file run17.cif (mmCIF, C-alpha atoms and all ligand atoms)
data_model
loop_
_atom_site.group_PDB
_atom_site.id
_atom_site.type_symbol
_atom_site.label_atom_id
_atom_site.label_comp_id
_atom_site.auth_asym_id
_atom_site.auth_seq_id
_atom_site.Cartn_x
_atom_site.Cartn_y
_atom_site.Cartn_z
ATOM 1 C CA MET A 1 48.274 -21.658 1.877
ATOM 2 C CA LYS A 2 48.613 -23.099 -1.593
ATOM 3 C CA VAL A 3 51.865 -24.701 -2.802
ATOM 4 C CA ILE A 4 52.394 -24.206 -6.554
ATOM 5 C CA TYR A 5 54.953 -25.935 -8.767
ATOM 6 C CA THR A 6 54.368 -24.553 -12.267
ATOM 7 C CA ILE A 7 54.451 -21.093 -13.840
ATOM 8 C CA ALA A 8 51.082 -21.759 -15.529
ATOM 9 C CA ASP A 9 49.359 -22.488 -12.175
ATOM 10 C CA LEU A 10 51.055 -19.516 -10.547
ATOM 11 C CA LYS A 11 49.782 -17.173 -13.248
ATOM 12 C CA ASP A 12 46.252 -18.664 -13.091
ATOM 13 C CA TYR A 13 45.920 -18.237 -9.323
ATOM 14 C CA LEU A 14 47.376 -14.729 -9.326
ATOM 15 C CA LEU A 15 45.246 -13.596 -12.284
ATOM 16 C CA LYS A 16 42.142 -14.429 -10.240
ATOM 17 C CA GLU A 17 43.470 -12.441 -7.271
ATOM 18 C CA LYS A 18 44.293 -9.456 -9.516
ATOM 19 C CA GLN A 19 40.821 -9.619 -11.122
ATOM 20 C CA ASN A 20 39.467 -9.227 -7.584
ATOM 21 C CA ASN A 21 41.620 -6.094 -7.191
ATOM 22 C CA LYS A 22 43.923 -7.722 -4.637
ATOM 23 C CA SER A 23 47.382 -6.206 -4.230
ATOM 24 C CA ILE A 24 50.216 -8.716 -4.542
ATOM 25 C CA GLY A 25 53.318 -8.724 -2.338
ATOM 26 C CA PHE A 26 56.237 -11.003 -3.134
ATOM 27 C CA VAL A 27 59.155 -12.432 -1.140
ATOM 28 C CA PRO A 28 61.688 -14.307 -3.319
ATOM 29 C CA THR A 29 63.841 -16.766 -1.315
ATOM 30 C CA MET A 30 66.130 -19.741 -1.737
ATOM 31 C CA GLY A 31 64.505 -21.529 1.205
ATOM 32 C CA ALA A 32 66.207 -22.667 4.435
ATOM 33 C CA LEU A 33 63.985 -20.029 5.956
ATOM 34 C CA HIS A 34 64.667 -18.358 9.287
ATOM 35 C CA ALA A 35 63.180 -15.504 11.312
ATOM 36 C CA GLY A 36 64.823 -12.978 8.960
ATOM 37 C CA HIS A 37 62.767 -14.324 6.043
ATOM 38 C CA ILE A 38 59.655 -14.415 8.197
ATOM 39 C CA SER A 39 60.139 -10.706 8.989
ATOM 40 C CA LEU A 40 59.973 -10.097 5.207
ATOM 41 C CA VAL A 41 56.783 -12.181 5.026
ATOM 42 C CA ASP A 42 55.367 -10.177 7.962
ATOM 43 C CA ALA A 43 56.021 -6.884 6.147
ATOM 44 C CA CYS A 44 54.572 -8.367 2.957
ATOM 45 C CA THR A 45 51.334 -9.565 4.598
ATOM 46 C CA ARG A 46 50.935 -6.264 6.480
ATOM 47 C CA GLU A 47 51.227 -4.165 3.332
ATOM 48 C CA ASN A 48 49.468 -6.333 0.703
ATOM 49 C CA ASP A 49 46.251 -8.333 0.318
ATOM 50 C CA ILE A 50 48.090 -11.398 -0.986
ATOM 51 C CA CYS A 51 51.549 -12.674 -0.043
ATOM 52 C CA VAL A 52 53.500 -14.853 -2.488
ATOM 53 C CA VAL A 53 56.785 -16.504 -1.463
ATOM 54 C CA SER A 54 59.063 -18.331 -3.898
ATOM 55 C CA ILE A 55 61.536 -21.016 -2.853
ATOM 56 C CA PHE A 56 64.113 -21.780 -5.517
ATOM 57 C CA VAL A 57 67.840 -22.430 -5.145
ATOM 58 C CA ASN A 58 68.926 -20.636 -8.288
ATOM 59 C CA PRO A 59 71.878 -22.409 -9.955
ATOM 60 C CA THR A 60 72.855 -19.450 -12.167
ATOM 61 C CA GLN A 61 73.844 -17.267 -9.223
ATOM 62 C CA PHE A 62 76.325 -19.766 -7.751
ATOM 63 C CA ASN A 63 79.840 -19.339 -9.097
ATOM 64 C CA ASP A 64 81.068 -22.157 -6.811
ATOM 65 C CA PRO A 65 79.531 -25.604 -7.557
ATOM 66 C CA ASN A 66 80.332 -26.779 -4.014
ATOM 67 C CA ASP A 67 78.395 -23.827 -2.559
ATOM 68 C CA LEU A 68 75.384 -24.803 -4.709
ATOM 69 C CA ALA A 69 75.659 -28.488 -3.750
ATOM 70 C CA THR A 70 75.861 -27.736 -0.024
ATOM 71 C CA TYR A 71 73.249 -24.960 0.073
ATOM 72 C CA PRO A 72 70.762 -26.065 2.773
ATOM 73 C CA ARG A 73 67.413 -27.382 1.526
ATOM 74 C CA THR A 74 64.677 -27.686 4.164
ATOM 75 C CA LEU A 75 61.394 -27.520 2.235
ATOM 76 C CA ASP A 76 59.090 -29.204 4.801
ATOM 77 C CA LYS A 77 60.331 -26.962 7.588
ATOM 78 C CA ASP A 78 60.042 -23.902 5.292
ATOM 79 C CA LEU A 79 56.396 -24.668 4.500
ATOM 80 C CA ALA A 80 55.663 -25.198 8.210
ATOM 81 C CA LEU A 81 57.050 -21.705 8.929
ATOM 82 C CA LEU A 82 55.241 -19.976 6.059
ATOM 83 C CA GLU A 83 51.710 -21.186 6.785
ATOM 84 C CA PRO A 84 51.333 -19.563 10.248
ATOM 85 C CA ALA A 85 53.117 -16.437 8.942
ATOM 86 C CA GLY A 86 50.122 -15.782 6.677
ATOM 87 C CA CYS A 87 51.682 -16.596 3.296
ATOM 88 C CA ASP A 88 48.965 -17.272 0.681
ATOM 89 C CA TYR A 89 50.951 -18.900 -2.146
ATOM 90 C CA VAL A 90 54.345 -20.639 -2.142
ATOM 91 C CA PHE A 91 55.921 -21.091 -5.557
ATOM 92 C CA VAL A 92 58.382 -24.016 -5.559
ATOM 93 C CA PRO A 93 59.495 -24.544 -9.169
ATOM 94 C CA GLY A 94 62.088 -27.075 -10.326
ATOM 95 C CA VAL A 95 65.159 -26.042 -12.341
ATOM 96 C CA GLU A 96 63.481 -27.246 -15.596
ATOM 97 C CA GLU A 97 60.517 -24.989 -14.939
ATOM 98 C CA MET A 98 62.622 -21.853 -14.440
ATOM 99 C CA TYR A 99 65.277 -22.681 -17.047
ATOM 100 C CA PRO A 100 63.691 -24.784 -19.831
ATOM 101 C CA GLU A 101 66.584 -23.450 -21.884
ATOM 102 C CA PRO A 102 69.773 -21.716 -20.731
ATOM 103 C CA ASP A 103 69.319 -18.058 -19.865
ATOM 104 C CA THR A 104 71.946 -16.211 -21.903
ATOM 105 C CA ARG A 105 70.915 -12.693 -20.900
ATOM 106 C CA ILE A 106 73.717 -10.437 -19.720
ATOM 107 C CA PHE A 107 72.764 -7.511 -17.492
ATOM 108 C CA ARG A 108 75.008 -4.460 -17.414
ATOM 109 C CA PHE A 109 74.745 -2.738 -14.053
ATOM 110 C CA GLY A 110 78.128 -0.981 -14.119
ATOM 111 C CA ASN A 111 80.090 -0.276 -10.936
ATOM 112 C CA ILE A 112 77.438 -1.450 -8.454
ATOM 113 C CA ALA A 113 77.790 -5.012 -9.814
ATOM 114 C CA GLU A 114 81.567 -4.950 -10.150
ATOM 115 C CA VAL A 115 82.677 -4.147 -6.599
ATOM 116 C CA MET A 116 82.595 -6.273 -3.421
ATOM 117 C CA GLU A 117 80.401 -9.384 -4.066
ATOM 118 C CA GLY A 118 80.591 -8.663 -7.791
ATOM 119 C CA ALA A 119 84.402 -8.752 -7.734
ATOM 120 C CA HIS A 120 84.598 -11.905 -5.593
ATOM 121 C CA ARG A 121 81.696 -13.861 -7.108
ATOM 122 C CA PRO A 122 81.909 -13.328 -10.874
ATOM 123 C CA GLY A 123 78.526 -13.801 -12.548
ATOM 124 C CA HIS A 124 76.663 -13.880 -9.235
ATOM 125 C CA PHE A 125 74.603 -10.732 -9.760
ATOM 126 C CA ASN A 126 73.882 -11.609 -13.378
ATOM 127 C CA GLY A 127 72.374 -14.868 -12.091
ATOM 128 C CA VAL A 128 70.396 -13.001 -9.414
ATOM 129 C CA ALA A 129 69.041 -10.607 -12.058
ATOM 130 C CA GLN A 130 68.154 -13.524 -14.373
ATOM 131 C CA ILE A 131 66.073 -15.317 -11.767
ATOM 132 C CA VAL A 132 64.518 -12.278 -10.088
ATOM 133 C CA SER A 133 63.520 -10.751 -13.451
ATOM 134 C CA LYS A 134 61.819 -14.039 -14.403
ATOM 135 C CA LEU A 135 60.061 -14.299 -11.035
ATOM 136 C CA PHE A 136 58.939 -10.665 -11.234
ATOM 137 C CA ALA A 137 57.596 -11.265 -14.762
ATOM 138 C CA PHE A 138 55.569 -14.305 -13.613
ATOM 139 C CA VAL A 139 54.301 -12.918 -10.285
ATOM 140 C CA GLU A 140 53.920 -9.265 -11.384
ATOM 141 C CA PRO A 141 53.878 -8.081 -7.778
ATOM 142 C CA ASP A 142 53.076 -4.564 -6.618
ATOM 143 C CA ASP A 143 55.700 -4.811 -3.867
ATOM 144 C CA ALA A 144 58.737 -7.050 -3.328
ATOM 145 C CA TYR A 145 60.709 -7.585 -0.107
ATOM 146 C CA PHE A 146 64.442 -8.216 0.349
ATOM 147 C CA GLY A 147 66.742 -8.356 3.383
ATOM 148 C CA GLU A 148 69.269 -5.580 3.952
ATOM 149 C CA LYS A 149 71.887 -8.165 4.886
ATOM 150 C CA ASP A 150 72.377 -8.538 1.131
ATOM 151 C CA PHE A 151 72.970 -4.811 0.853
ATOM 152 C CA GLN A 152 74.532 -4.895 -2.619
ATOM 153 C CA GLN A 153 71.841 -7.262 -3.922
ATOM 154 C CA VAL A 154 69.144 -4.722 -3.017
ATOM 155 C CA ALA A 155 71.009 -2.042 -5.024
ATOM 156 C CA ILE A 156 71.193 -4.442 -7.995
ATOM 157 C CA ILE A 157 67.489 -5.312 -7.813
ATOM 158 C CA ARG A 158 66.494 -1.624 -7.666
ATOM 159 C CA GLU A 159 68.664 -0.908 -10.711
ATOM 160 C CA MET A 160 67.270 -3.950 -12.562
ATOM 161 C CA VAL A 161 63.691 -2.813 -11.939
ATOM 162 C CA ARG A 162 64.622 0.665 -13.191
ATOM 163 C CA LEU A 163 66.369 -0.670 -16.324
ATOM 164 C CA LEU A 164 63.499 -3.027 -17.191
ATOM 165 C CA GLY A 165 60.883 -0.348 -16.499
ATOM 166 C CA MET A 166 59.025 -2.578 -14.025
ATOM 167 C CA LYS A 167 56.500 -0.943 -11.711
ATOM 168 C CA ILE A 168 57.435 -2.840 -8.572
ATOM 169 C CA LYS A 169 58.174 -1.158 -5.252
ATOM 170 C CA ILE A 170 61.316 -2.654 -3.717
ATOM 171 C CA HIS A 171 61.454 -2.787 0.085
ATOM 172 C CA ALA A 172 64.724 -3.332 1.969
ATOM 173 C CA CYS A 173 63.981 -4.786 5.409
ATOM 174 C CA PRO A 174 66.354 -4.522 8.405
ATOM 175 C CA ILE A 175 68.819 -7.317 9.219
ATOM 176 C CA LEU A 176 67.551 -9.706 11.892
ATOM 177 C CA ARG A 177 70.190 -10.881 14.350
ATOM 178 C CA GLU A 178 70.577 -13.790 16.747
ATOM 179 C CA ALA A 179 70.802 -12.881 20.473
ATOM 180 C CA ASP A 180 74.620 -12.791 20.189
ATOM 181 C CA GLY A 181 74.502 -10.405 17.203
ATOM 182 C CA LEU A 182 75.185 -12.858 14.361
ATOM 183 C CA ALA A 183 73.203 -11.781 11.277
ATOM 184 C CA MET A 184 70.576 -14.426 10.497
ATOM 185 C CA SER A 185 71.463 -16.380 7.361
ATOM 186 C CA SER A 186 70.575 -19.734 5.831
ATOM 187 C CA ARG A 187 74.317 -20.401 5.717
ATOM 188 C CA ASN A 188 74.531 -20.303 9.542
ATOM 189 C CA LEU A 189 73.085 -23.843 9.442
ATOM 190 C CA ARG A 190 76.403 -25.001 7.968
ATOM 191 C CA LEU A 191 78.531 -23.672 10.855
ATOM 192 C CA SER A 192 80.060 -26.241 13.206
ATOM 193 C CA ALA A 193 79.437 -25.742 16.936
ATOM 194 C CA GLU A 194 82.871 -24.092 17.289
ATOM 195 C CA GLN A 195 82.370 -21.848 14.259
ATOM 196 C CA ARG A 196 78.909 -20.833 15.503
ATOM 197 C CA LEU A 197 80.519 -19.651 18.759
ATOM 198 C CA LYS A 198 83.118 -17.630 16.829
ATOM 199 C CA ALA A 199 80.902 -16.112 14.107
ATOM 200 C CA PRO A 200 79.362 -13.307 16.265
ATOM 201 C CA LEU A 201 82.841 -11.712 16.250
ATOM 202 C CA ILE A 202 81.902 -10.226 12.855
ATOM 203 C CA ALA A 203 78.879 -8.259 14.108
ATOM 204 C CA ARG A 204 80.612 -7.405 17.401
ATOM 205 C CA THR A 205 83.599 -5.905 15.587
ATOM 206 C CA LEU A 206 81.431 -3.918 13.172
ATOM 207 C CA LYS A 207 79.426 -2.527 16.096
ATOM 208 C CA GLU A 208 82.607 -1.616 18.002
ATOM 209 C CA SER A 209 83.953 0.150 14.927
ATOM 210 C CA LEU A 210 80.951 2.510 15.027
ATOM 211 C CA THR A 211 82.273 4.016 18.258
ATOM 212 C CA PHE A 212 85.566 5.048 16.555
ATOM 213 C CA VAL A 213 84.090 7.066 13.700
ATOM 214 C CA SER A 214 84.723 10.414 15.423
ATOM 215 C CA CYS A 215 88.393 9.646 16.122
ATOM 216 C CA LYS A 216 89.606 7.307 13.336
ATOM 217 C CA SER A 217 89.924 7.656 9.582
ATOM 218 C CA VAL A 218 88.085 5.381 7.136
ATOM 219 C CA ARG A 219 91.387 3.553 6.440
ATOM 220 C CA GLU A 220 92.064 3.063 10.169
ATOM 221 C CA ILE A 221 88.595 1.598 10.713
ATOM 222 C CA ILE A 222 89.001 -0.808 7.799
ATOM 223 C CA ASP A 223 92.359 -1.953 9.208
ATOM 224 C CA TYR A 224 90.884 -2.277 12.690
ATOM 225 C CA VAL A 225 87.961 -4.442 11.541
ATOM 226 C CA VAL A 226 90.054 -6.686 9.288
ATOM 227 C CA THR A 227 92.770 -7.223 11.929
ATOM 228 C CA ALA A 228 90.333 -7.868 14.792
ATOM 229 C CA ILE A 229 88.485 -10.539 12.803
ATOM 230 C CA ASN A 230 91.551 -12.128 11.199
ATOM 231 C CA ASN A 231 93.119 -12.471 14.656
ATOM 232 C CA ASP A 232 90.795 -15.414 15.162
ATOM 233 C CA PRO A 233 92.350 -18.398 13.335
ATOM 234 C CA VAL A 234 88.907 -19.727 12.319
ATOM 235 C CA MET A 235 88.042 -16.489 10.462
ATOM 236 C CA ARG A 236 89.317 -14.950 7.240
ATOM 237 C CA VAL A 237 88.065 -11.604 5.953
ATOM 238 C CA GLU A 238 87.563 -11.703 2.179
ATOM 239 C CA TYR A 239 86.891 -7.968 1.967
ATOM 240 C CA TYR A 240 85.781 -5.081 4.099
ATOM 241 C CA GLU A 241 84.784 -1.971 2.214
ATOM 242 C CA ILE A 242 83.326 1.298 3.407
ATOM 243 C CA VAL A 243 81.194 2.708 0.604
ATOM 244 C CA ASP A 244 78.675 5.333 -0.389
ATOM 245 C CA GLY A 245 75.356 3.570 0.262
ATOM 246 C CA ASN A 246 73.915 4.592 -3.119
ATOM 247 C CA SER A 247 76.794 4.393 -5.617
ATOM 248 C CA LEU A 248 78.695 1.646 -3.686
ATOM 249 C CA GLU A 249 81.916 3.536 -4.504
ATOM 250 C CA SER A 250 84.586 3.260 -1.780
ATOM 251 C CA ILE A 251 84.922 6.452 0.210
ATOM 252 C CA GLY A 252 88.175 8.001 1.442
ATOM 253 C CA ASN A 253 86.845 10.134 4.310
ATOM 254 C CA TRP A 254 83.728 10.498 6.410
ATOM 255 C CA ARG A 255 82.733 13.841 4.830
ATOM 256 C CA GLU A 256 82.494 12.364 1.337
ATOM 257 C CA SER A 257 78.915 11.126 1.669
ATOM 258 C CA ASP A 258 75.777 11.449 3.812
ATOM 259 C CA TYR A 259 75.077 7.741 3.467
ATOM 260 C CA ILE A 260 77.978 5.461 4.421
ATOM 261 C CA VAL A 261 77.843 1.692 4.832
ATOM 262 C CA GLY A 262 80.530 -0.869 5.691
ATOM 263 C CA CYS A 263 80.112 -4.196 3.866
ATOM 264 C CA ILE A 264 81.995 -7.299 4.919
ATOM 265 C CA THR A 265 82.441 -10.899 3.808
ATOM 266 C CA VAL A 266 84.179 -13.358 6.089
ATOM 267 C CA TYR A 267 84.964 -17.039 5.737
ATOM 268 C CA CYS A 268 84.239 -18.753 9.025
ATOM 269 C CA GLY A 269 85.948 -22.053 8.231
ATOM 270 C CA GLU A 270 84.443 -22.947 4.842
ATOM 271 C CA VAL A 271 81.250 -20.969 5.395
ATOM 272 C CA ARG A 272 81.007 -17.594 3.667
ATOM 273 C CA LEU A 273 79.150 -15.044 5.807
ATOM 274 C CA ILE A 274 78.204 -11.471 4.925
ATOM 275 C CA ASP A 275 77.120 -8.560 7.072
ATOM 276 C CA ASN A 276 77.040 -4.771 6.971
ATOM 277 C CA ILE A 277 76.741 -1.718 9.173
ATOM 278 C CA THR A 278 75.525 1.817 8.508
ATOM 279 C CA TYR A 279 77.977 4.486 9.704
ATOM 280 C CA LYS A 280 75.969 7.436 8.410
ATOM 281 C CA GLY A 281 72.511 7.933 6.938
HETATM 282 O O1 LIG A 301 68.637 -13.419 -1.587
HETATM 283 C C1 LIG A 301 68.304 -14.540 -2.053
HETATM 284 O O2 LIG A 301 67.886 -15.450 -1.329
HETATM 285 C C2 LIG A 301 68.464 -14.783 -3.551
HETATM 286 O O3 LIG A 301 69.571 -14.120 -4.052
HETATM 287 C C3 LIG A 301 67.201 -14.439 -4.350
HETATM 288 C C4 LIG A 301 66.888 -12.944 -4.276
HETATM 289 C C5 LIG A 301 66.013 -15.222 -3.816
HETATM 290 C C6 LIG A 301 67.397 -14.794 -5.816
HETATM 291 O O4 LIG A 301 67.650 -16.149 -5.990
#
call {"tool": "encode", "arguments": {"input": "run17.cif", "output": "structure tokens"}}
result
Amino acid sequence: MKVIYTIADLKDYLLKEKQNNKSIGFVPTMGALHAGHISLVDACTRENDICVVSIFVNPTQFNDPNDLATYPRTLDKDLALLEPAGCDYVFVPGVEEMYPEPDTRIFRFGNIAEVMEGAHRPGHFNGVAQIVSKLFAFVEPDDAYFGEKDFQQVAIIREMVRLLGMKIKIHACPILREADGLAMSSRNLRLSAEQRLKAPLIARTLKESLTFVSCKSVREIIDYVVTAINNDPVMRVEYYEIVDGNSLESIGNWRESDYIVGCITVYCGEVRLIDNITYKG
């Protein structure tokens, strides 16, 4: 496994692989890797000749400076996980390398970028599109792998690829969960022991809510989920929305769509956790 720090080296190595007709798979990450990331690397190595992983904590997608400052950084551990997973190249650029000058591009994704995370983290998806479009342009992968935990992010990336006319196949890989149901996330590292014990309430409540679909309305399920989680004094639901899985528009009843997903963000203490559940589709 080769660790690369500059765009020029990255392009050189990958050009040689492409000249040898190797297919390139890509997993963009912000590091603090866990088994969820490794499942993306597994899919990438299975389906491509070459697997490239990037590790870059992208400043332009953080609307909260404290969130950026406290984002976990565990490079040595990340590299130790990637090597046995079969990763071929790890791209670890510095901020200067990715942003030699400020990126002033504004992406217009419409409704899918304005609801849920878009409404609560202004500028977040523009920053994601800035960095992922740059990484895609440098790596030029055939396939790219993202986790379904960031459900809205996957929709944004698909739309970005469509708008920019890139020929990259986007794969959304299933959420990996801890034994107690908590969705794996780099942010889980920031939970205190008490918060870590409480956090599985999110996944447990979402799973319970699945069993009520035949007897409760969409509104009743939203109220149920929000109340059950907010009943714990350590937790605060920022939003819970039940949406059409393609348009991300909120739905009013279960017959409105064949693909229905519930997306939630919860503060567990200071730590912002997201999760989702598919009700239909
Ligand atoms: O999902 C992430 O870790 C980040 O948003 C991504 C896609 C690597 C862009 O910085």
call {"tool": "resolve_selection", "arguments": {"input": "run17.cif", "expression": "the PyMOL selection byres (((chain A and resi 64) around 12) and not hetatm)", "output": "PyMOL selection string"}}
result
chain A and resi 59-63+65-71+120-124+272
call {"tool": "resolve_selection", "arguments": {"input": "run17.cif", "expression": "the PyMOL selection byres (((chain A and resi 140-154) around 7) and not hetatm)", "output": "list in words"}}
result
Ser23, Ile24, Gly25, Phe26, Val27, Leu40, Cys44, Phe136, Ala137, Phe138, Val139, Ala155, Ile156, Ile157, Arg158, Ile168, Lys169, Ile170, His171, Ala172, Cys173, Pro174, Ile175, Asp275 and Asn276 of chain A
call {"tool": "axis_aligned_box", "arguments": {"input": "run17.cif", "around": "ligand LIG 301 (chain A)", "padding_each_side": "5 Å", "output": "JSON"}}
result
{"center_x": 67.8, "center_y": -14.5, "center_z": -3.7, "size_x": 13.6, "size_y": 13.2, "size_z": 14.7}
call {"tool": "atom_distance", "arguments": {"input": "run17.cif", "atom1": "CA of Leu191 (chain A)", "atom2": "CA of Glu178 (chain A)"}}
result
14.0 Å
call {"tool": "resolve_selection", "arguments": {"input": "run17.cif", "expression": "the PyMOL selection byres (((chain A and resi 45) around 10) and not hetatm)", "output": "PyMOL selection string"}}
result
chain A and resi 24-26+39-44+46-52+85-88
call {"tool": "closest_residue", "arguments": {"input": "run17.cif", "among": "A:Pro84, A:Pro72, A:Glu159, A:Glu241", "to": "Val271 (chain A)", "atoms": "only C-alpha atoms"}}
result
A:Pro72
call {"tool": "closest_residue", "arguments": {"input": "run17.cif", "among": "A:Ile260, A:Leu182, A:Ile112, A:Met30", "to": "ligand LIG 301 (chain A)", "atoms": "all atoms listed in the file"}}
result
A:Met30
call {"tool": "residues_near_ligand", "arguments": {"input": "run17.cif", "ligand": "ligand LIG 301 (chain A)", "cutoff": "6 Å", "atoms": "all atoms listed in the file", "output": "PyMOL selection string"}}
result
chain A and resi 28-30+58+128+132
call {"tool": "closest_residue", "arguments": {"input": "run17.cif", "among": "A:Asn188, A:Ala183, A:Val237, A:Asn253", "to": "Cys215 (chain A)", "atoms": "all atoms listed in the file"}}
result
A:Asn253
call {"tool": "atom_distance", "arguments": {"input": "run17.cif", "atom1": "CA of His37 (chain A)", "atom2": "CA of Glu117 (chain A)"}}
result
20.9 Å
call {"tool": "residues_near_point", "arguments": {"input": "run17.cif", "point": "(87.6, 4.9, 11.9)", "cutoff": "12 Å", "atoms": "only C-alpha atoms", "output": "PyMOL selection string"}}
result
chain A and resi 206-225+242+252-254+262+279
call {"tool": "residues_near_point", "arguments": {"input": "run17.cif", "point": "(61.4, -25.9, 2.2)", "cutoff": "9 Å", "atoms": "only C-alpha atoms", "output": "PyMOL selection string"}}
result
chain A and resi 30-33+55+73-80+92
call {"tool": "atom_distance", "arguments": {"input": "run17.cif", "atom1": "CA of Arg105 (chain A)", "atom2": "CA of Leu10 (chain A)"}}
result
23.4 Å
call {"tool": "closest_residue", "arguments": {"input": "run17.cif", "among": "A:Arg196, A:Lys134, A:Leu81, A:Ser250", "to": "Glu97 (chain A)", "atoms": "only C-alpha atoms"}}
result
A:Lys134
call {"tool": "closest_residue", "arguments": {"input": "run17.cif", "among": "A:Glu194, A:Phe56, A:Pro233, A:Arg177", "to": "Glu96 (chain A)", "atoms": "all atoms listed in the file"}}
result
A:Phe56
call {"tool": "residues_around", "arguments": {"input": "run17.cif", "residues": "Thr265 (chain A)", "least_positions_apart": "4", "cutoff": "6 Å", "atoms": "all atoms listed in the file", "output": "count of residues only"}}
result
4
call {"tool": "closest_residue", "arguments": {"input": "run17.cif", "among": "A:Ser54, A:Ala119, A:Leu189, A:Glu114", "to": "Ile131 (chain A)", "atoms": "only C-alpha atoms"}}
result
A:Ser54
call {"tool": "residues_around", "arguments": {"input": "run17.cif", "residues": "Tyr89 (chain A)", "least_positions_apart": "4", "cutoff": "8 Å", "atoms": "only C-alpha atoms", "output": "PyMOL selection string"}}
result
chain A and resi 1-4+51-53
call {"tool": "write_last_selection", "arguments": {"input": "run17.cif", "atoms": "C-alpha atoms", "output": "compact mmCIF listing (two decimals), in the frame of the given file"}}
result
# COMPACT_ATOMS: atom_id res chain seq x y z
CA MET A 1 48.27 -21.66 1.88
CA LYS A 2 48.61 -23.10 -1.59
CA VAL A 3 51.86 -24.70 -2.80
CA ILE A 4 52.39 -24.21 -6.55
CA CYS A 51 51.55 -12.67 -0.04
CA VAL A 52 53.50 -14.85 -2.49
CA VAL A 53 56.78 -16.50 -1.46
call {"tool": "residues_around", "arguments": {"input": "run17.cif", "residues": "Asp258 (chain A)", "least_positions_apart": "2", "cutoff": "8 Å", "atoms": "all atoms listed in the file", "output": "PyMOL selection string"}}
result
chain A and resi 244+255-256+260+280-281
call {"tool": "residues_around", "arguments": {"input": "run17.cif", "residues": "Ile106 (chain A)", "least_positions_apart": "4", "cutoff": "9 Å", "atoms": "only C-alpha atoms", "output": "count of residues only"}}
result
4
call {"tool": "build_atoms", "arguments": {"input": "run17.cif", "residues": "region 53-64 of chain A", "atoms": "N, CA, C and O atoms", "output": "PDB file, keeping the file's coordinate frame"}}
result
ATOM      1  N   VAL A  53      55.370 -16.232  -1.769  1.00  0.00           N
ATOM      2  CA  VAL A  53      56.785 -16.504  -1.463  1.00  0.00           C
ATOM      3  C   VAL A  53      57.289 -17.512  -2.491  1.00  0.00           C
ATOM      4  O   VAL A  53      56.572 -18.469  -2.807  1.00  0.00           O
ATOM      5  N   SER A  54      58.482 -17.294  -3.037  1.00  0.00           N
ATOM      6  CA  SER A  54      59.063 -18.331  -3.898  1.00  0.00           C
ATOM      7  C   SER A  54      60.234 -18.972  -3.163  1.00  0.00           C
ATOM      8  O   SER A  54      60.941 -18.311  -2.388  1.00  0.00           O
ATOM      9  N   ILE A  55      60.393 -20.279  -3.400  1.00  0.00           N
ATOM     10  CA  ILE A  55      61.536 -21.016  -2.853  1.00  0.00           C
ATOM     11  C   ILE A  55      62.211 -21.688  -4.033  1.00  0.00           C
ATOM     12  O   ILE A  55      61.637 -22.593  -4.665  1.00  0.00           O
ATOM     13  N   PHE A  56      63.400 -21.217  -4.363  1.00  0.00           N
ATOM     14  CA  PHE A  56      64.113 -21.780  -5.517  1.00  0.00           C
ATOM     15  C   PHE A  56      65.605 -21.518  -5.336  1.00  0.00           C
ATOM     16  O   PHE A  56      66.020 -20.359  -5.247  1.00  0.00           O
ATOM     17  N   VAL A  57      66.384 -22.588  -5.243  1.00  0.00           N
ATOM     18  CA  VAL A  57      67.840 -22.430  -5.145  1.00  0.00           C
ATOM     19  C   VAL A  57      68.349 -22.255  -6.570  1.00  0.00           C
ATOM     20  O   VAL A  57      68.401 -23.213  -7.347  1.00  0.00           O
ATOM     21  N   ASN A  58      68.673 -21.015  -6.893  1.00  0.00           N
ATOM     22  CA  ASN A  58      68.926 -20.636  -8.288  1.00  0.00           C
ATOM     23  C   ASN A  58      70.353 -20.986  -8.734  1.00  0.00           C
ATOM     24  O   ASN A  58      71.312 -20.315  -8.314  1.00  0.00           O
ATOM     25  N   PRO A  59      70.511 -21.987  -9.601  1.00  0.00           N
ATOM     26  CA  PRO A  59      71.878 -22.409  -9.955  1.00  0.00           C
ATOM     27  C   PRO A  59      72.700 -21.322 -10.638  1.00  0.00           C
ATOM     28  O   PRO A  59      73.912 -21.294 -10.484  1.00  0.00           O
ATOM     29  N   THR A  60      72.054 -20.396 -11.376  1.00  0.00           N
ATOM     30  CA  THR A  60      72.855 -19.450 -12.167  1.00  0.00           C
ATOM     31  C   THR A  60      73.532 -18.374 -11.312  1.00  0.00           C
ATOM     32  O   THR A  60      74.361 -17.626 -11.822  1.00  0.00           O
ATOM     33  N   GLN A  61      73.190 -18.291 -10.037  1.00  0.00           N
ATOM     34  CA  GLN A  61      73.844 -17.267  -9.223  1.00  0.00           C
ATOM     35  C   GLN A  61      74.972 -17.829  -8.364  1.00  0.00           C
ATOM     36  O   GLN A  61      75.584 -17.105  -7.586  1.00  0.00           O
ATOM     37  N   PHE A  62      75.235 -19.150  -8.510  1.00  0.00           N
ATOM     38  CA  PHE A  62      76.325 -19.766  -7.751  1.00  0.00           C
ATOM     39  C   PHE A  62      77.550 -19.890  -8.652  1.00  0.00           C
ATOM     40  O   PHE A  62      77.507 -20.610  -9.658  1.00  0.00           O
ATOM     41  N   ASN A  63      78.625 -19.195  -8.298  1.00  0.00           N
ATOM     42  CA  ASN A  63      79.840 -19.339  -9.097  1.00  0.00           C
ATOM     43  C   ASN A  63      80.693 -20.497  -8.575  1.00  0.00           C
ATOM     44  O   ASN A  63      81.644 -20.902  -9.225  1.00  0.00           O
ATOM     45  N   ASP A  64      80.304 -21.053  -7.401  1.00  0.00           N
ATOM     46  CA  ASP A  64      81.068 -22.157  -6.811  1.00  0.00           C
ATOM     47  C   ASP A  64      80.140 -23.380  -6.725  1.00  0.00           C
ATOM     48  O   ASP A  64      79.176 -23.380  -5.960  1.00  0.00           O
TER      49      ASP A  64
END
